[in-house]
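For reference, model08.cif (mmCIF, C-alpha atoms):
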data_query
loop_
_atom_site.group_PDB
_atom_site.id
_atom_site.type_symbol
_atom_site.label_atom_id
_atom_site.label_comp_id
_atom_site.auth_asym_id
_atom_site.auth_seq_id
_atom_site.Cartn_x
_atom_site.Cartn_y
_atom_site.Cartn_z
ATOM 1 C CA MET H 207 -4.125 31.943 -35.504
ATOM 2 C CA LEU H 208 -0.768 30.140 -35.252
ATOM 3 C CA VAL H 209 0.607 32.811 -32.893
ATOM 4 C CA LEU H 210 -2.446 32.415 -30.647
ATOM 5 C CA GLU H 211 -2.114 28.626 -30.630
ATOM 6 C CA SER H 212 1.585 28.875 -29.834
ATOM 7 C CA TRP H 213 0.890 31.295 -26.952
ATOM 8 C CA HIS H 214 -1.918 29.064 -25.721
ATOM 9 C CA GLU H 215 0.265 25.959 -25.879
ATOM 10 C CA GLN H 216 3.066 27.753 -24.021
ATOM 11 C CA MET H 217 0.667 28.867 -21.288
ATOM 12 C CA MET H 218 -0.802 25.374 -20.914
ATOM 13 C CA ARG H 219 2.689 23.864 -20.758
ATOM 14 C CA PHE H 220 3.690 26.392 -18.091
ATOM 15 C CA ALA H 221 0.493 25.728 -16.114
ATOM 16 C CA ARG H 222 1.148 21.980 -16.234
ATOM 17 C CA GLN H 223 4.698 22.540 -14.954
ATOM 18 C CA VAL H 224 3.383 24.614 -12.054
ATOM 19 C CA VAL H 225 0.746 22.008 -11.191
ATOM 20 C CA SER H 226 3.348 19.257 -11.426
ATOM 21 C CA TRP H 227 5.618 21.192 -9.046
ATOM 22 C CA VAL H 228 2.746 21.716 -6.586
ATOM 23 C CA GLN H 229 1.877 18.012 -6.679
ATOM 24 C CA SER H 230 5.538 17.168 -6.116
ATOM 25 C CA GLN H 231 5.580 19.434 -3.068
ATOM 26 C CA LEU H 232 2.411 17.790 -1.764
ATOM 27 C CA ASN H 233 4.064 14.385 -2.182
ATOM 28 C CA ASN H 234 7.041 15.666 -0.197
ATOM 29 C CA GLN H 235 4.724 16.857 2.557
ATOM 30 C CA ILE H 236 2.898 13.519 2.652
ATOM 31 C CA ASN H 237 6.259 11.763 3.017
ATOM 32 C CA ILE H 238 7.277 14.101 5.823
ATOM 33 C CA VAL H 239 4.010 13.554 7.662
ATOM 34 C CA GLU H 240 4.000 9.787 7.196
ATOM 35 C CA GLU H 241 7.679 8.923 7.404
ATOM 36 C CA GLN H 242 9.147 11.482 9.732
ATOM 37 C CA VAL H 243 6.378 12.638 12.038
ATOM 38 C CA ALA H 244 4.155 9.567 12.413
ATOM 39 C CA THR H 245 6.993 7.049 12.305
ATOM 40 C CA GLY H 246 9.048 9.133 14.720
ATOM 41 C CA LEU H 247 6.182 9.403 17.178
ATOM 42 C CA ARG H 248 5.514 5.678 16.988
ATOM 43 C CA ALA H 249 9.196 4.969 17.653
ATOM 44 C CA ILE H 250 9.104 7.197 20.728
ATOM 45 C CA ILE H 251 5.988 5.404 21.974
ATOM 46 C CA GLU H 252 7.676 2.035 21.453
ATOM 47 C CA GLN H 253 10.697 3.158 23.470
ATOM 48 C CA ILE H 254 8.525 4.414 26.302
ATOM 49 C CA VAL H 255 6.418 1.251 26.319
ATOM 50 C CA GLY H 256 9.687 -0.693 26.234
ATOM 51 C CA GLY H 257 10.665 0.844 29.549
ATOM 52 C CA VAL H 258 12.770 3.904 28.685
ATOM 53 C CA TRP H 259 10.350 6.023 30.705
ATOM 54 C CA ILE H 260 8.009 4.574 33.293
ATOM 55 C CA GLY H 261 5.305 5.906 35.549
ATOM 56 C CA ARG H 262 2.143 7.929 35.253
ATOM 57 C CA GLY H 263 3.808 10.638 33.208
ATOM 58 C CA ALA H 264 4.994 8.098 30.674
ATOM 59 C CA ASP H 265 1.561 6.476 30.532
ATOM 60 C CA ALA H 266 -0.123 9.868 30.099
ATOM 61 C CA PHE H 267 2.333 10.822 27.347
ATOM 62 C CA VAL H 268 1.780 7.567 25.452
ATOM 63 C CA GLU H 269 -1.992 7.949 25.856
ATOM 64 C CA GLU H 270 -1.985 11.539 24.612
ATOM 65 C CA VAL H 271 0.308 10.925 21.660
ATOM 66 C CA SER H 272 -1.577 7.757 20.699
ATOM 67 C CA ASN H 273 -5.088 9.160 21.039
ATOM 68 C CA LEU H 274 -4.652 12.833 20.186
ATOM 69 C CA VAL H 275 -1.488 13.529 18.240
ATOM 70 C CA LEU H 276 -1.241 10.520 15.905
ATOM 71 C CA PRO H 277 -4.871 10.788 14.738
ATOM 72 C CA GLU H 278 -4.294 14.483 13.960
ATOM 73 C CA VAL H 279 -1.137 13.620 12.028
ATOM 74 C CA GLY H 280 -3.243 11.134 10.072
ATOM 75 C CA ARG H 281 -5.825 13.828 9.372
ATOM 76 C CA VAL H 282 -3.118 16.136 8.051
ATOM 77 C CA GLY H 283 -2.017 13.370 5.681
ATOM 78 C CA ASN H 284 -5.623 12.863 4.589
ATOM 79 C CA VAL H 285 -6.058 16.584 3.903
ATOM 80 C CA ILE H 286 -2.904 16.605 1.792
ATOM 81 C CA ASN H 287 -4.101 13.527 -0.130
ATOM 82 C CA THR H 288 -7.529 15.094 -0.679
ATOM 83 C CA THR H 289 -5.904 18.309 -1.874
ATOM 84 C CA GLN H 290 -3.796 16.364 -4.333
ATOM 85 C CA GLN H 291 -6.847 14.478 -5.623
ATOM 86 C CA ASN H 292 -8.745 17.755 -5.999
ATOM 87 C CA ILE H 293 -5.871 19.263 -7.964
ATOM 88 C CA SER H 294 -5.796 16.235 -10.273
ATOM 89 C CA HIS H 295 -9.554 16.507 -10.764
ATOM 90 C CA ALA H 296 -9.218 20.233 -11.525
ATOM 91 C CA VAL H 297 -6.475 19.532 -14.083
ATOM 92 C CA ASP H 298 -8.680 16.934 -15.763
ATOM 93 C CA THR H 299 -11.557 19.434 -15.865
ATOM 94 C CA ILE H 300 -9.297 22.132 -17.328
ATOM 95 C CA ASP H 301 -7.974 19.698 -19.945
ATOM 96 C CA ARG H 302 -11.510 18.738 -20.998
ATOM 97 C CA ALA H 303 -12.594 22.387 -21.135
ATOM 98 C CA ASP H 304 -9.486 23.334 -23.103
ATOM 99 C CA GLU H 305 -10.165 20.532 -25.571
ATOM 100 C CA GLN H 306 -13.786 21.646 -26.003
ATOM 101 C CA VAL H 307 -12.801 25.290 -26.504
ATOM 102 C CA THR H 308 -10.138 24.286 -29.022
ATOM 103 C CA GLN H 309 -12.711 22.265 -30.960
ATOM 104 C CA LEU H 310 -15.139 25.207 -30.926
ATOM 105 C CA VAL H 311 -12.484 27.692 -32.048
ATOM 106 C CA ASN H 312 -11.300 25.354 -34.806
ATOM 107 C CA GLY H 313 -14.910 24.866 -35.891
ATOM 108 C CA LEU H 314 -15.434 28.636 -36.059
ATOM 109 C CA ALA H 315 -12.160 29.097 -37.926
ATOM 110 C CA ASP H 316 -13.245 26.482 -40.479
ATOM 111 C CA LEU H 317 -16.652 28.165 -40.792
ATOM 112 C CA PHE H 318 -15.077 31.567 -41.442
ATOM 113 C CA ALA H 319 -12.557 30.037 -43.831
ATOM 114 C CA ASN H 320 -15.396 28.478 -45.822
ATOM 115 C CA ILE H 321 -17.321 31.760 -45.882
ATOM 116 C CA TYR H 322 -14.418 33.936 -47.004
ATOM 117 C CA HIS H 323 -12.831 31.560 -49.509
#

Could you quickly redo this structure as structure tokens?
Amino acid sequence: MLVLESWHEQMMRFARQVVSWVQSQLNNQINIVEEQVATGLRAIIEQIVGGVWIGRGADAFVEEVSNLVLPEVGRVGNVINTTQQNISHAVDTIDRADEQVTQLVNGLADLFANIYH
């Protein structure tokens, strides 16, 4: 039973490391979306509004980026956040299930130990 527990613990530890790495990568992607893409686009809009580019083309660009691109960037960030929340929820569910299975297995092991001793 000790070998099985050790293998199980090693697998759970490895799974947690993988999940942690995935969540770290999601955090990196959120930062890229929020800090680099959205902030960069807003800075460009500010420059154009400030007079770097004038005319109908500039107005159309600002309108399109403001009303089409930035909301989509926000949606991408929301999808990443939702994915991260779903992963956390899945990990919690796996932890609860693992705990319940461990309790059941230990209960059965105790039952068999009582029968055969």

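CA of Asp304 in chain H is positioned 26.6 Å from CA of Tyr322 in chain H.
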
Step by step, work through what the PyMOL selection byres ((chain H and resi 222-236) around 12) selects in the shown file, and finish by giving those residues as a ChimeraX atom specification. /H:215-221,237-244,279-298,300-301

Given 3 Å of margin on each side, can you work out the centre and size in Å (one decimal) of an axis-aligned box holding every listed atom of range 280-287 of chain H, as AutoDock Vina command-line options?
--center_x -4.0 --center_y 13.9 --center_z 5.0 --size_x 10.0 --size_y 11.5 --size_z 16.2

Set the distance at 9 Å and use only C-alpha atoms: which residues neighbour Asp265 in chain H once local chain neighbours fewer than 5 positions away are removed? I'd like the list as a list in words. Ile254, Val255, Trp259, Ile260 and Glu270 of chain H

Using the selection just defined, write its residues with C-alpha atoms as an mmCIF file, keeping the file's coordinate frame.
data_model
loop_
_atom_site.group_PDB
_atom_site.id
_atom_site.type_symbol
_atom_site.label_atom_id
_atom_site.label_comp_id
_atom_site.auth_asym_id
_atom_site.auth_seq_id
_atom_site.Cartn_x
_atom_site.Cartn_y
_atom_site.Cartn_z
ATOM 1 C CA ILE H 254 8.525 4.414 26.302
ATOM 2 C CA VAL H 255 6.418 1.251 26.319
ATOM 3 C CA TRP H 259 10.350 6.023 30.705
ATOM 4 C CA ILE H 260 8.009 4.574 33.293
ATOM 5 C CA GLU H 270 -1.985 11.539 24.612
#

Export range 243-284 of chain H, C-alpha atoms, as a PDB file, in the first residue's frame; it's the structure right above.
ATOM      1  CA  VAL H 243      -1.929  45.261 -26.284  1.00  0.00           C
ATOM      2  CA  ALA H 244      -4.652  47.317 -24.591  1.00  0.00           C
ATOM      3  CA  THR H 245      -2.294  49.896 -23.111  1.00  0.00           C
ATOM      4  CA  GLY H 246      -0.419  50.193 -26.396  1.00  0.00           C
ATOM      5  CA  LEU H 247      -3.614  50.719 -28.357  1.00  0.00           C
ATOM      6  CA  ARG H 248      -4.832  53.331 -25.895  1.00  0.00           C
ATOM      7  CA  ALA H 249      -1.507  55.166 -26.175  1.00  0.00           C
ATOM      8  CA  ILE H 250      -1.812  55.213 -29.961  1.00  0.00           C
ATOM      9  CA  ILE H 251      -5.357  56.569 -29.690  1.00  0.00           C
ATOM     10  CA  GLU H 252      -4.172  59.285 -27.306  1.00  0.00           C
ATOM     11  CA  GLN H 253      -1.444  60.330 -29.739  1.00  0.00           C
ATOM     12  CA  ILE H 254      -3.877  60.481 -32.633  1.00  0.00           C
ATOM     13  CA  VAL H 255      -6.435  62.427 -30.606  1.00  0.00           C
ATOM     14  CA  GLY H 256      -3.570  64.679 -29.517  1.00  0.00           C
ATOM     15  CA  GLY H 257      -2.997  65.663 -33.124  1.00  0.00           C
ATOM     16  CA  VAL H 258      -0.297  63.301 -34.419  1.00  0.00           C
ATOM     17  CA  TRP H 259      -2.677  62.249 -37.187  1.00  0.00           C
ATOM     18  CA  ILE H 260      -5.667  64.311 -38.227  1.00  0.00           C
ATOM     19  CA  GLY H 261      -8.494  63.937 -40.685  1.00  0.00           C
ATOM     20  CA  ARG H 262     -11.171  61.427 -41.527  1.00  0.00           C
ATOM     21  CA  GLY H 263      -8.732  58.540 -41.652  1.00  0.00           C
ATOM     22  CA  ALA H 264      -7.520  59.318 -38.159  1.00  0.00           C
ATOM     23  CA  ASP H 265     -11.082  59.655 -36.881  1.00  0.00           C
ATOM     24  CA  ALA H 266     -12.079  56.364 -38.525  1.00  0.00           C
ATOM     25  CA  PHE H 267      -9.026  54.618 -37.061  1.00  0.00           C
ATOM     26  CA  VAL H 268      -9.736  55.898 -33.546  1.00  0.00           C
ATOM     27  CA  GLU H 269     -13.402  54.918 -33.907  1.00  0.00           C
ATOM     28  CA  GLU H 270     -12.577  51.413 -35.119  1.00  0.00           C
ATOM     29  CA  VAL H 271      -9.899  50.725 -32.528  1.00  0.00           C
ATOM     30  CA  SER H 272     -12.060  52.158 -29.737  1.00  0.00           C
ATOM     31  CA  ASN H 273     -15.296  50.414 -30.685  1.00  0.00           C
ATOM     32  CA  LEU H 274     -14.114  47.177 -32.279  1.00  0.00           C
ATOM     33  CA  VAL H 275     -10.571  46.274 -31.328  1.00  0.00           C
ATOM     34  CA  LEU H 276     -10.381  47.302 -27.657  1.00  0.00           C
ATOM     35  CA  PRO H 277     -13.634  45.528 -26.714  1.00  0.00           C
ATOM     36  CA  GLU H 278     -12.326  42.352 -28.387  1.00  0.00           C
ATOM     37  CA  VAL H 279      -9.046  42.663 -26.494  1.00  0.00           C
ATOM     38  CA  GLY H 280     -11.121  42.933 -23.323  1.00  0.00           C
ATOM     39  CA  ARG H 281     -13.052  39.809 -24.285  1.00  0.00           C
ATOM     40  CA  VAL H 282      -9.805  37.910 -24.791  1.00  0.00           C
ATOM     41  CA  GLY H 283      -8.742  38.938 -21.284  1.00  0.00           C
ATOM     42  CA  ASN H 284     -12.111  37.813 -19.928  1.00  0.00           C
TER      43      ASN H 284
END
